>>> print(open('work.cif').read())   # mmCIF, C-alpha atoms and all ligand atoms
data_entry
loop_
_atom_site.label_atom_id
_atom_site.label_comp_id
_atom_site.auth_asym_id
_atom_site.auth_seq_id
_atom_site.Cartn_x
_atom_site.Cartn_y
_atom_site.Cartn_z
CA MET A 12 -18.91 4.06 4.28
CA LYS A 13 -16.56 3.68 7.22
CA ASP A 14 -14.61 6.89 7.88
CA LEU A 15 -10.92 6.66 7.09
CA MET A 16 -9.18 6.86 10.45
CA THR A 17 -5.58 6.60 9.43
CA TYR A 18 -4.17 8.60 6.57
CA LEU A 19 -0.75 7.41 5.43
CA ASP A 20 -0.67 8.79 1.90
CA TYR A 21 1.00 12.20 2.35
CA ASN A 22 3.01 11.86 -0.86
CA ALA A 23 -0.26 11.75 -2.82
CA THR A 24 -1.55 14.83 -1.00
CA ALA A 25 -1.17 16.13 2.54
CA PRO A 26 -4.12 17.26 4.67
CA LEU A 27 -4.46 21.04 4.96
CA ARG A 28 -2.68 22.51 7.96
CA THR A 29 -4.89 24.39 10.45
CA SER A 30 -2.93 27.61 9.84
CA VAL A 31 -3.61 27.20 6.10
CA ILE A 32 -7.35 26.79 6.62
CA GLU A 33 -7.43 29.89 8.82
CA LYS A 34 -5.43 32.10 6.45
CA MET A 35 -7.27 30.85 3.36
CA THR A 36 -10.65 31.41 4.98
CA ALA A 37 -9.69 35.04 5.56
CA ALA A 38 -8.19 35.33 2.06
CA LEU A 39 -11.40 34.07 0.41
CA LYS A 40 -12.94 37.36 1.54
CA ILE A 41 -10.42 39.41 -0.44
CA ILE A 42 -12.40 41.04 -3.23
CA GLY A 43 -9.91 42.29 -5.79
CA ASN A 44 -8.25 40.84 -8.87
CA ALA A 45 -4.51 40.99 -8.21
CA SER A 46 -4.01 42.65 -11.62
CA SER A 47 -6.45 45.51 -10.98
CA VAL A 48 -5.13 49.00 -10.41
CA HIS A 49 -7.65 50.08 -7.75
CA ARG A 50 -7.14 49.51 -4.04
CA PHE A 51 -8.97 46.18 -3.98
CA GLY A 52 -6.59 44.93 -6.63
CA ARG A 53 -3.61 46.39 -4.82
CA ILE A 54 -4.57 44.57 -1.61
CA ALA A 55 -4.92 41.26 -3.46
CA ARG A 56 -1.59 41.88 -5.21
CA GLN A 57 0.09 42.62 -1.90
CA HIS A 58 -1.00 39.20 -0.60
CA VAL A 59 0.42 37.53 -3.71
CA ASN A 60 3.70 39.42 -3.39
CA GLU A 61 4.03 38.58 0.31
CA ALA A 62 3.45 34.92 -0.54
CA ARG A 63 6.15 35.14 -3.21
CA GLU A 64 8.59 36.59 -0.67
CA ALA A 65 7.80 33.86 1.88
CA LEU A 66 8.31 31.06 -0.63
CA ALA A 67 11.50 32.62 -2.02
CA ALA A 68 12.97 33.02 1.48
CA PHE A 69 12.20 29.38 2.36
CA ILE A 70 14.03 27.97 -0.66
CA ASN A 71 16.79 30.60 -0.85
CA ALA A 72 15.67 32.13 -4.15
CA GLU A 73 14.76 35.69 -5.15
CA ALA A 74 11.09 36.65 -5.17
CA GLN A 75 11.34 37.61 -8.86
CA ASN A 76 12.36 34.01 -9.64
CA ILE A 77 9.00 32.57 -8.48
CA ILE A 78 6.18 32.06 -10.99
CA PHE A 79 2.90 30.87 -9.47
CA THR A 80 1.18 28.15 -11.51
CA GLY A 81 -1.81 25.84 -11.15
CA SER A 82 -0.01 22.55 -10.40
CA GLY A 83 3.35 20.82 -10.23
CA THR A 84 2.31 19.10 -13.45
CA GLU A 85 1.84 22.47 -15.15
CA SER A 86 5.20 23.72 -13.82
CA ASN A 87 7.04 20.69 -15.22
CA ASN A 88 5.28 21.00 -18.58
CA HIS A 89 5.98 24.73 -18.67
CA ALA A 90 9.70 24.23 -17.99
CA LEU A 91 10.14 21.46 -20.54
CA ARG A 92 7.93 22.79 -23.34
CA SER A 93 8.48 26.53 -23.36
CA VAL A 94 12.29 26.60 -23.31
CA LYS A 95 12.31 24.99 -26.79
CA ALA A 96 14.98 22.39 -26.03
CA ASP A 97 15.93 19.83 -28.70
CA VAL A 98 16.33 16.99 -26.22
CA ILE A 99 15.28 16.27 -22.64
CA LEU A 100 17.54 13.92 -20.70
CA ALA A 101 15.34 12.73 -17.85
CA SER A 102 16.19 10.33 -15.06
CA ALA A 103 14.21 7.13 -15.58
CA ILE A 104 12.39 7.63 -12.26
CA GLU A 105 10.90 11.07 -12.98
CA HIS A 106 7.21 11.79 -12.45
CA ASP A 107 4.99 11.34 -15.54
CA SER A 108 4.50 15.11 -15.74
CA VAL A 109 8.20 15.25 -16.69
CA LEU A 110 8.40 12.06 -18.75
CA LYS A 111 5.38 12.92 -20.92
CA ALA A 112 6.04 16.65 -21.42
CA HIS A 113 8.40 16.65 -24.41
CA PRO A 114 8.36 14.45 -27.55
CA ASN A 115 12.12 13.93 -27.52
CA THR A 116 12.88 12.58 -24.06
CA ILE A 117 15.75 10.17 -23.43
CA LEU A 118 15.99 8.29 -20.14
CA ILE A 119 19.05 8.36 -17.92
CA PRO A 120 19.41 4.99 -16.12
CA VAL A 121 19.39 4.66 -12.33
CA ASP A 122 21.09 2.05 -10.12
CA ALA A 123 19.37 -0.57 -7.94
CA ASN A 124 18.72 2.09 -5.27
CA GLY A 125 17.13 4.38 -7.83
CA ILE A 126 20.00 6.86 -8.03
CA ILE A 127 20.77 8.56 -11.33
CA GLN A 128 23.92 7.22 -13.04
CA LEU A 129 26.19 10.21 -13.57
CA ASP A 130 28.48 8.38 -16.04
CA ASP A 131 25.53 7.57 -18.25
CA LEU A 132 24.35 11.17 -18.05
CA GLU A 133 27.78 12.36 -19.20
CA LYS A 134 27.81 9.85 -22.10
CA LEU A 135 24.38 11.09 -23.23
CA LEU A 136 25.54 14.71 -23.05
CA ILE A 137 28.56 13.86 -25.22
CA GLN A 138 26.32 12.05 -27.75
CA HIS A 139 24.00 15.06 -28.02
CA THR A 140 26.58 17.79 -27.95
CA SER A 141 25.61 20.89 -29.99
CA LYS A 142 21.93 20.31 -29.13
CA LYS A 143 19.93 22.43 -26.70
CA ILE A 144 19.45 20.10 -23.73
CA ILE A 145 17.47 20.18 -20.50
CA ILE A 146 18.38 17.58 -17.90
CA ALA A 147 15.42 16.72 -15.68
CA VAL A 148 16.31 15.26 -12.29
CA MET A 149 14.05 15.22 -9.26
CA LEU A 150 15.36 16.08 -5.82
CA ALA A 151 13.50 13.15 -4.24
CA ASN A 152 11.39 10.40 -5.73
CA ASN A 153 7.67 10.30 -4.97
CA GLU A 154 7.45 6.48 -4.68
CA THR A 155 10.66 5.50 -2.87
CA GLY A 156 11.73 8.83 -1.36
CA VAL A 157 15.27 8.28 -2.72
CA ILE A 158 17.22 11.55 -2.89
CA GLN A 159 19.14 12.43 -6.04
CA PRO A 160 22.61 14.06 -6.34
CA VAL A 161 21.23 17.21 -7.98
CA LYS A 162 24.29 19.35 -7.24
CA ALA A 163 26.52 16.82 -9.02
CA VAL A 164 24.11 16.87 -11.98
CA THR A 165 24.19 20.66 -12.25
CA ALA A 166 28.01 20.62 -12.11
CA ILE A 167 28.12 18.16 -15.04
CA ALA A 168 25.43 20.11 -16.92
CA LYS A 169 27.55 23.28 -16.72
CA LYS A 170 30.48 21.53 -18.44
CA TYR A 171 28.26 20.79 -21.43
CA GLY A 172 26.15 23.96 -21.47
CA ALA A 173 22.95 22.06 -20.60
CA MET A 174 20.12 23.41 -18.43
CA VAL A 175 18.71 21.56 -15.40
CA LEU A 176 15.11 21.24 -14.24
CA CYS A 177 14.83 19.96 -10.67
CA ASP A 178 11.41 18.65 -9.63
CA ALA A 179 11.44 19.35 -5.89
CA VAL A 180 7.71 18.68 -5.39
CA GLN A 181 8.27 15.82 -2.93
CA ALA A 182 11.40 17.20 -1.32
CA LEU A 183 9.92 20.53 -0.24
CA GLY A 184 9.37 20.69 3.51
CA LYS A 185 10.93 17.25 4.09
CA ILE A 186 14.60 18.01 3.43
CA ASN A 187 16.48 21.27 2.91
CA VAL A 188 15.67 22.74 -0.51
CA ASP A 189 18.10 25.49 -1.52
CA PHE A 190 17.58 26.84 -5.03
CA LYS A 191 20.83 28.81 -5.18
CA ASP A 192 22.96 26.05 -3.70
CA LEU A 193 21.55 23.38 -6.04
CA ASP A 194 22.29 25.81 -8.88
CA CYS A 195 19.60 24.42 -11.18
CA ASP A 196 17.99 26.60 -13.87
CA MET A 197 14.40 25.70 -12.99
CA MET A 198 12.68 24.07 -10.04
CA THR A 199 9.15 22.76 -9.52
CA LEU A 200 7.18 23.00 -6.25
CA SER A 201 3.58 22.18 -5.36
CA ALA A 202 1.50 23.44 -2.41
CA HIS A 203 -0.63 20.37 -1.73
CA LYS A 204 2.33 18.15 -0.85
CA VAL A 205 3.20 20.39 2.11
CA GLY A 206 -0.22 20.87 3.67
CA GLY A 207 -1.21 23.76 1.40
CA PRO A 208 -4.14 23.69 -1.04
CA GLN A 209 -4.45 21.60 -4.19
CA GLY A 210 -4.22 23.47 -7.50
CA VAL A 211 -1.45 25.93 -6.57
CA ALA A 212 2.21 25.47 -7.38
CA ALA A 213 5.32 27.30 -8.50
CA LEU A 214 8.02 27.21 -11.13
CA VAL A 215 11.24 28.78 -9.88
CA VAL A 216 13.38 30.13 -12.70
CA LYS A 217 16.89 31.61 -12.76
CA ASP A 218 17.02 35.06 -14.39
CA SER A 219 19.16 33.66 -17.22
CA THR A 220 16.67 30.91 -18.23
CA PRO A 221 15.10 31.58 -21.66
CA LEU A 222 11.57 30.77 -20.50
CA SER A 223 8.51 31.89 -22.46
CA ALA A 224 4.82 31.64 -21.60
CA LEU A 225 3.12 28.26 -21.92
CA ILE A 226 -0.37 29.63 -21.29
CA GLN A 227 -1.19 32.72 -23.33
CA GLY A 228 -3.53 35.50 -22.24
CA GLY A 229 -3.07 38.36 -19.77
CA GLY A 230 0.28 39.60 -18.56
CA GLN A 231 0.28 37.98 -15.13
CA GLU A 232 3.48 36.68 -13.59
CA ARG A 233 5.73 38.90 -15.70
CA ASN A 234 3.99 37.73 -18.88
CA LEU A 235 5.09 34.16 -18.16
CA ARG A 236 1.87 32.62 -16.79
CA ALA A 237 -1.40 34.14 -17.93
CA GLY A 238 -4.56 33.73 -15.85
CA THR A 239 -6.11 35.55 -12.89
CA HIS A 240 -4.20 34.78 -9.72
CA ASN A 241 -5.69 32.25 -7.32
CA VAL A 242 -5.18 34.64 -4.41
CA ALA A 243 -6.61 32.45 -1.64
CA GLY A 244 -4.68 29.44 -2.93
CA ILE A 245 -1.42 31.39 -3.10
CA VAL A 246 -2.02 32.71 0.43
CA GLY A 247 -2.61 29.10 1.53
CA PHE A 248 0.65 27.98 -0.08
CA ALA A 249 2.50 30.75 1.77
CA ALA A 250 0.78 29.84 5.06
CA ALA A 251 2.05 26.26 4.78
CA ILE A 252 5.54 27.53 3.98
CA THR A 253 5.51 30.03 6.85
CA GLU A 254 4.62 27.23 9.27
CA LEU A 255 7.24 24.94 7.75
CA ALA A 256 9.94 27.60 8.07
CA GLU A 257 9.56 27.13 11.85
CA THR A 258 8.81 23.44 12.02
CA TRP A 259 10.25 21.52 9.08
CA GLU A 260 13.26 20.05 10.88
CA ASP A 261 11.12 18.86 13.81
CA GLU A 262 8.51 17.47 11.41
CA ALA A 263 11.19 15.64 9.43
CA GLY A 264 12.67 14.18 12.62
CA LYS A 265 9.26 12.99 13.82
CA ALA A 266 8.43 11.53 10.38
CA LYS A 267 11.66 9.55 10.34
CA ILE A 268 10.97 8.05 13.77
CA LEU A 269 7.48 6.95 12.62
CA ARG A 270 8.68 5.66 9.24
CA ASP A 271 11.54 3.70 10.82
CA MET A 272 9.18 2.26 13.45
CA LEU A 273 6.85 1.10 10.68
CA GLU A 274 9.65 -0.53 8.70
CA THR A 275 11.13 -2.25 11.75
CA LYS A 276 7.76 -3.70 12.80
CA LEU A 277 6.92 -4.81 9.28
CA LYS A 278 10.27 -6.55 8.92
CA GLN A 279 9.63 -8.39 12.22
CA ILE A 280 6.25 -9.60 10.99
CA SER A 281 7.35 -10.33 7.47
CA PRO A 282 11.14 -10.74 7.15
CA ARG A 283 10.79 -11.29 3.38
CA ALA A 284 9.46 -7.76 2.87
CA VAL A 285 11.68 -5.69 0.56
CA ILE A 286 12.15 -2.00 1.31
CA HIS A 287 12.98 -0.33 -1.97
CA GLY A 288 15.93 2.08 -1.84
CA ALA A 289 16.55 1.19 1.84
CA SER A 290 20.30 1.68 1.67
CA ALA A 291 20.12 5.04 -0.10
CA ASP A 292 19.52 8.51 1.33
CA ARG A 293 15.74 8.82 1.47
CA LEU A 294 13.08 11.31 2.44
CA PRO A 295 12.34 10.77 6.14
CA ASN A 296 8.62 10.17 5.60
CA THR A 297 8.46 7.62 2.77
CA SER A 298 8.54 3.85 2.65
CA CYS A 299 8.05 1.74 -0.46
CA ILE A 300 7.63 -1.89 0.49
CA GLY A 301 7.30 -5.01 -1.64
CA PHE A 302 5.57 -8.18 -0.37
CA ALA A 303 5.99 -10.88 -3.01
CA GLY A 304 2.77 -12.75 -3.82
CA PHE A 305 0.50 -10.08 -2.33
CA LYS A 306 -0.80 -7.77 -5.11
CA ALA A 307 -0.52 -4.08 -4.28
CA GLU A 308 -4.10 -3.26 -5.27
CA THR A 309 -5.38 -6.03 -2.98
CA GLN A 310 -3.28 -4.69 -0.11
CA VAL A 311 -4.54 -1.15 -0.70
CA MET A 312 -8.19 -2.28 -0.84
CA ASN A 313 -7.89 -4.51 2.23
CA MET A 314 -6.22 -1.76 4.19
CA ASP A 315 -8.87 0.72 3.07
CA LEU A 316 -11.57 -1.64 4.38
CA LYS A 317 -9.78 -1.52 7.72
CA GLY A 318 -9.66 2.28 7.68
CA VAL A 319 -6.05 2.77 6.65
CA ALA A 320 -5.18 4.80 3.53
CA ILE A 321 -1.98 3.91 1.68
CA SER A 322 -1.20 3.71 -2.01
CA ALA A 323 0.08 1.18 -4.52
CA GLY A 324 3.57 1.83 -5.80
CA ALA A 325 2.14 1.43 -9.26
CA ALA A 326 0.34 3.54 -11.83
CA CYS A 327 -3.30 2.86 -12.52
CA SER A 328 -4.62 3.60 -15.98
CA SER A 329 -7.79 2.40 -17.72
CA GLY A 330 -8.57 0.14 -14.78
CA LYS A 331 -5.30 -1.79 -15.12
CA VAL A 332 -2.55 -1.53 -12.55
CA LYS A 333 0.85 -1.44 -14.24
CA PRO A 334 4.06 -2.12 -12.36
CA SER A 335 5.74 1.14 -11.37
CA HIS A 336 8.24 2.51 -13.91
CA VAL A 337 10.32 3.69 -10.96
CA LEU A 338 10.72 0.19 -9.51
CA GLN A 339 11.26 -1.27 -12.98
CA ALA A 340 14.04 1.27 -13.63
CA MET A 341 15.66 0.10 -10.36
CA GLY A 342 15.76 -3.43 -11.75
CA CYS A 343 12.93 -4.75 -9.59
CA ASN A 344 11.10 -7.61 -11.32
CA ASP A 345 7.49 -7.03 -12.40
CA ASP A 346 6.13 -9.52 -9.84
CA LEU A 347 7.63 -7.71 -6.87
CA ALA A 348 6.93 -4.28 -8.41
CA SER A 349 3.24 -5.14 -8.72
CA CYS A 350 3.24 -6.23 -5.07
CA SER A 351 4.73 -2.99 -3.73
CA ILE A 352 2.94 -0.38 -1.66
CA ARG A 353 3.86 3.16 -0.61
CA VAL A 354 3.31 4.41 2.92
CA SER A 355 4.00 8.09 3.57
CA VAL A 356 3.59 9.95 6.85
CA GLY A 357 3.38 13.70 7.48
CA HIS A 358 2.67 16.64 9.73
CA ALA A 359 -0.37 15.18 11.51
CA SER A 360 0.82 11.56 11.75
CA CYS A 361 1.39 9.94 15.12
CA GLU A 362 2.48 6.64 16.66
CA LYS A 363 -1.14 5.47 16.87
CA ASP A 364 -1.30 5.62 13.03
CA ILE A 365 1.66 3.28 12.77
CA GLU A 366 0.10 0.89 15.32
CA ARG A 367 -3.19 0.90 13.36
CA PHE A 368 -1.31 0.27 10.13
CA ILE A 369 0.59 -2.66 11.64
CA SER A 370 -2.48 -4.32 13.15
CA ALA A 371 -4.57 -3.81 9.98
CA TRP A 372 -1.74 -5.09 7.84
CA THR A 373 -1.15 -8.14 10.05
CA GLU A 374 -4.87 -9.02 9.78
CA THR A 375 -4.91 -8.62 6.00
CA MET A 376 -1.76 -10.75 5.72
CA ILE A 377 -3.39 -13.53 7.76
CA ILE A 378 -6.51 -13.42 5.53
CA GLN A 379 -4.34 -13.51 2.43
CA GLN A 380 -2.20 -16.38 3.74
CA ASN A 381 -5.31 -18.38 4.71
CA LYS A 382 -6.71 -17.86 1.21
CA GLN A 383 -3.42 -19.06 -0.25
CA THR A 384 -3.46 -22.16 2.01
CA ASP A 385 -7.05 -22.94 0.88
CA LEU A 386 -6.01 -22.56 -2.76
CA ASP A 387 -2.99 -24.82 -2.20
CA LYS A 388 -5.27 -27.45 -0.58
CA ILE A 389 -7.64 -27.33 -3.58
CA SER A 390 -4.85 -27.64 -6.11
CA ASN A 391 -3.26 -30.52 -4.16
CA ALA A 392 -6.57 -32.37 -3.73
N1 LIG A 401 6.29 15.80 -9.38
C1 LIG A 401 6.27 14.90 -8.41
C2 LIG A 401 7.54 14.27 -7.95
C3 LIG A 401 5.05 14.52 -7.82
O1 LIG A 401 5.04 13.59 -6.85
C4 LIG A 401 3.86 15.12 -8.28
C5 LIG A 401 2.55 14.69 -7.72
O2 LIG A 401 2.38 13.61 -7.25
C6 LIG A 401 3.94 16.08 -9.30
C7 LIG A 401 5.18 16.40 -9.82
C8 LIG A 401 2.72 16.75 -9.81
O3 LIG A 401 2.28 17.74 -8.93
P1 LIG A 401 0.73 18.20 -8.94
O4 LIG A 401 -0.04 17.16 -8.22
O5 LIG A 401 0.75 19.52 -8.21
O6 LIG A 401 0.34 18.34 -10.36
#
>>> encode(input="work.cif", output="C-alpha cells")
Amino acid sequence: MKDLMTYLDYNATAPLRTSVIEKMTAALKIIGNASSVHRFGRIARQHVNEAREALAAFINAEAQNIIFTGSGTESNNHALRSVKADVILASAIEHDSVLKAHPNTILIPVDANGIIQLDDLEKLLIQHTSKKIIIAVMLANNETGVIQPVKAVTAIAKKYGAMVLCDAVQALGKINVDFKDLDCDMMTLSAHKVGGPQGVAALVVKDSTPLSALIQGGGQERNLRAGTHNVAGIVGFAAAITELAETWEDEAGKAKILRDMLETKLKQISPRAVIHGASADRLPNTSCIGFAGFKAETQVMNMDLKGVAISAGAACSSGKVKPSHVLQAMGCNDDLASCSIRVSVGHASCEKDIERFISAWTETMIIQQNKQTDLDKISNA
C-alpha cells in the first residue's frame, strides 16, 4: 500500500509530538503502580501529580479539579451519567459521546452557522424548571470548528440552577481554554487531539459538582475513577500540554494561514464549494467543505489513493454513511451534507501539504467530472 504522505485529519487524531514520544519512552521504564506506598509507587505518583499540575495550569484550573480518564468519550459519559441529572439539554451538534450518554436528552437547536440558540435554551430551562439539569455545550465543534458561546450559556444556566458540561476536546490547544473564566461545572479534554497519546483524557470538575464514580473499583483519582493509572500515557498528555503552553498561539496562527490558503484555493477551483460555518468564529485549523454531487466517501477514498488523508463530515455505521447530524442541525440539506468533507491541519502541517491536497483534489474532481460527462452522454444517447 502506498504510504500516506499528507495527513490532514488532525481532528480525528493528531500525530504524536516528538517531545511526547521522548517523555513517554522514558516513562515506560517507570516500574511502580502510582497507588503503591513504596518508593517505586511514589515515583510513579509524582509523575502523575506533575502531569496534573501541568494540565491544570494550562487551562487555569486547580490540580485537584482534574480527574484522569481513559478517553474523552469516557469523560463525557462520566459527567452525564454519574451526576444523576433528570434531563440533559444538549446542543444539537454535540459529539455522540454526549448525545448517547443519557436516556433523557433534549436537543437545543443551532442556527445556520451551527451556533447554539440561547433563546431556545432559556425556553427549555423554563419548561423543565424544578428538574436537575445538565446543559451540554461544546467549546468548538469537531466537524465545522465553530466556536460556541459557552460563557453566555453558563450565565444563563446559573439563573436557573442548572449545571454545565463543556466538551473542550477539540478546542484544547487551538484556542484559549480557561476553565475558571468559562465557569462551567465540568469540562472534557482528550490527549490524542493535541499530539498526546490515544487512550488518555481528563474530566475537569468544580469542587461543588456532585460527581460520583462511574467506574467502580480501587480508590484512584479521589475515589472518582477506579483503575490503575496509565502513567506513561498521563506523562505523554502532560508533555503535549507543556509544549503547547509555549507554542499554542504560534501553532494556531500557522494553522489558520494554512486553512485559509486551502479554502481560498478550493474556492478558486470550485466556486460552488460551500464552507460550512464560514461566517462564524471557528477553530483556526478546521474546514468543513461541501461539494454538491460529489459523495464524501468517494472524495475520501480518491484522496486516500492519492496519498492524502481527510475525513468525511459524516458518521459511518454498519457500512452506511449517514449525513452528519451536525450539518443537518445547521439546516444543510442531506444531499450537500453527504457530499461534505472535513480537512483539519495541525502541529506538523506545512504549505506543501496544502499544495498536495489541492493538486490531488483537482485531479479527483476532473476524474469525477469526466465520469459525470460520460454518464450524461449515455443517458442522452
Ligand atoms: N468530543 C469531541 C468533540 C470529539 O471530537 C471527540 C473525538 O473525536 C470526543 C469527544 C471523544 O474523545 P475520545 O476520542 O478521546 O474518546
>>> residues_near_point(input="work.cif", point="(16.3, 28.7, -7.6)", cutoff="6 Å", atoms="all atoms listed in the file", output="number ranges by chain")
A: 72, 190-191, 215, 217
>>> residues_near_ligand(input="work.cif", ligand="ligand LIG 401 (chain A)", cutoff="6 Å", atoms="only C-alpha atoms and all ligand atoms", output="list in words")
Ala23, Ser82, Gly83, Thr84, His106, Asn152, Asn153, Asp178, Val180, Gln181 and Ser201 of chain A
>>> closest_residue(input="work.cif", among="A:Arg28, A:Leu183, A:His113, A:Lys382", to="Val94 in chain A", atoms="only C-alpha atoms")
A:His113
>>> residues_around(input="work.cif", residues="Leu129 in chain A", least_positions_apart="6", cutoff="10 Å", atoms="only C-alpha atoms", output="list in words")
Ile119, Pro120, Val121, Leu135, Pro160, Ala163, Val164 and Ile167 of chain A
>>> write_last_selection(input="work.cif", atoms="C-alpha atoms", output="JSON list (two decimals), keeping the file's coordinate frame")
[["chain", "number", "residue", "atom", "x", "y", "z"],
["A", 119, "ILE", "CA", 19.05, 8.36, -17.92],
["A", 120, "PRO", "CA", 19.41, 4.99, -16.12],
["A", 121, "VAL", "CA", 19.39, 4.66, -12.33],
["A", 135, "LEU", "CA", 24.38, 11.09, -23.23],
["A", 160, "PRO", "CA", 22.61, 14.06, -6.34],
["A", 163, "ALA", "CA", 26.52, 16.82, -9.02],
["A", 164, "VAL", "CA", 24.11, 16.87, -11.98],
["A", 167, "ILE", "CA", 28.12, 18.16, -15.04]]
>>> residues_around(input="work.cif", residues="Ala320 in chain A", least_positions_apart="2", cutoff="9 Å", atoms="all atoms listed in the file", output="list of chain:residue names")
A:Leu15, A:Met16, A:Thr17, A:Tyr18, A:Leu19, A:Asp20, A:Val311, A:Met312, A:Met314, A:Asp315, A:Lys317, A:Gly318, A:Ser322, A:Val354, A:Phe368
>>> residues_around(input="work.cif", residues="Gly81 in chain A", least_positions_apart="2", cutoff="7 Å", atoms="only C-alpha atoms", output="mmCIF file with C-alpha atoms, keeping the file's coordinate frame")
data_model
loop_
_atom_site.group_PDB
_atom_site.id
_atom_site.type_symbol
_atom_site.label_atom_id
_atom_site.label_comp_id
_atom_site.auth_asym_id
_atom_site.auth_seq_id
_atom_site.Cartn_x
_atom_site.Cartn_y
_atom_site.Cartn_z
ATOM 1 C CA GLU A 85 1.840 22.470 -15.150
ATOM 2 C CA GLY A 210 -4.220 23.470 -7.500
ATOM 3 C CA VAL A 211 -1.450 25.930 -6.570
ATOM 4 C CA ALA A 212 2.210 25.470 -7.380
#
>>> atom_distance(input="work.cif", atom1="CA of Glu154 in chain A", atom2="CA of Asn22 in chain A")
8.0 Å
>>> closest_residue(input="work.cif", among="A:Leu222, A:Val246, A:Ile144, A:Ala213", to="His58 in chain A", atoms="all atoms listed in the file")
A:Val246
>>> build_atoms(input="work.cif", residues="range 96-102 of chain A", atoms="all heavy atoms", output="short mmCIF file (atom, residue, chain, number, x, y, z; two decimals), in the frame of the given file")
data_model
loop_
_atom_site.label_atom_id
_atom_site.label_comp_id
_atom_site.auth_asym_id
_atom_site.auth_seq_id
_atom_site.Cartn_x
_atom_site.Cartn_y
_atom_site.Cartn_z
N ALA A 96 13.79 23.24 -25.99
CA ALA A 96 14.98 22.39 -26.03
C ALA A 96 14.83 21.37 -27.15
O ALA A 96 13.72 21.03 -27.55
CB ALA A 96 15.12 21.68 -24.69
N ASP A 97 15.98 20.89 -27.68
CA ASP A 97 15.93 19.83 -28.70
C ASP A 97 15.71 18.47 -28.03
O ASP A 97 15.01 17.61 -28.57
CB ASP A 97 17.26 19.76 -29.48
CG ASP A 97 17.60 21.10 -30.13
OD1 ASP A 97 16.71 21.67 -30.77
OD2 ASP A 97 18.74 21.56 -29.95
N VAL A 98 16.36 18.30 -26.90
CA VAL A 98 16.33 16.99 -26.22
C VAL A 98 16.15 17.19 -24.72
O VAL A 98 16.75 18.10 -24.14
CB VAL A 98 17.68 16.23 -26.39
CG1 VAL A 98 17.61 14.84 -25.81
CG2 VAL A 98 18.12 16.18 -27.82
N ILE A 99 15.36 16.31 -24.11
CA ILE A 99 15.28 16.27 -22.64
C ILE A 99 15.98 14.98 -22.20
O ILE A 99 15.64 13.90 -22.69
CB ILE A 99 13.81 16.23 -22.14
CG1 ILE A 99 12.96 17.33 -22.77
CG2 ILE A 99 13.76 16.27 -20.60
CD1 ILE A 99 13.38 18.74 -22.48
N LEU A 100 16.94 15.10 -21.32
CA LEU A 100 17.54 13.92 -20.70
C LEU A 100 16.93 13.82 -19.31
O LEU A 100 17.19 14.67 -18.45
CB LEU A 100 19.06 14.06 -20.60
CG LEU A 100 19.83 14.29 -21.91
CD1 LEU A 100 21.33 14.40 -21.63
CD2 LEU A 100 19.56 13.17 -22.91
N ALA A 101 16.07 12.82 -19.12
CA ALA A 101 15.34 12.73 -17.85
C ALA A 101 15.72 11.46 -17.12
O ALA A 101 15.83 10.40 -17.73
CB ALA A 101 13.83 12.73 -18.12
N SER A 102 15.91 11.56 -15.82
CA SER A 102 16.19 10.33 -15.06
C SER A 102 14.98 9.41 -15.23
O SER A 102 13.84 9.88 -15.33
CB SER A 102 16.45 10.65 -13.58
OG SER A 102 15.24 10.64 -12.85
#
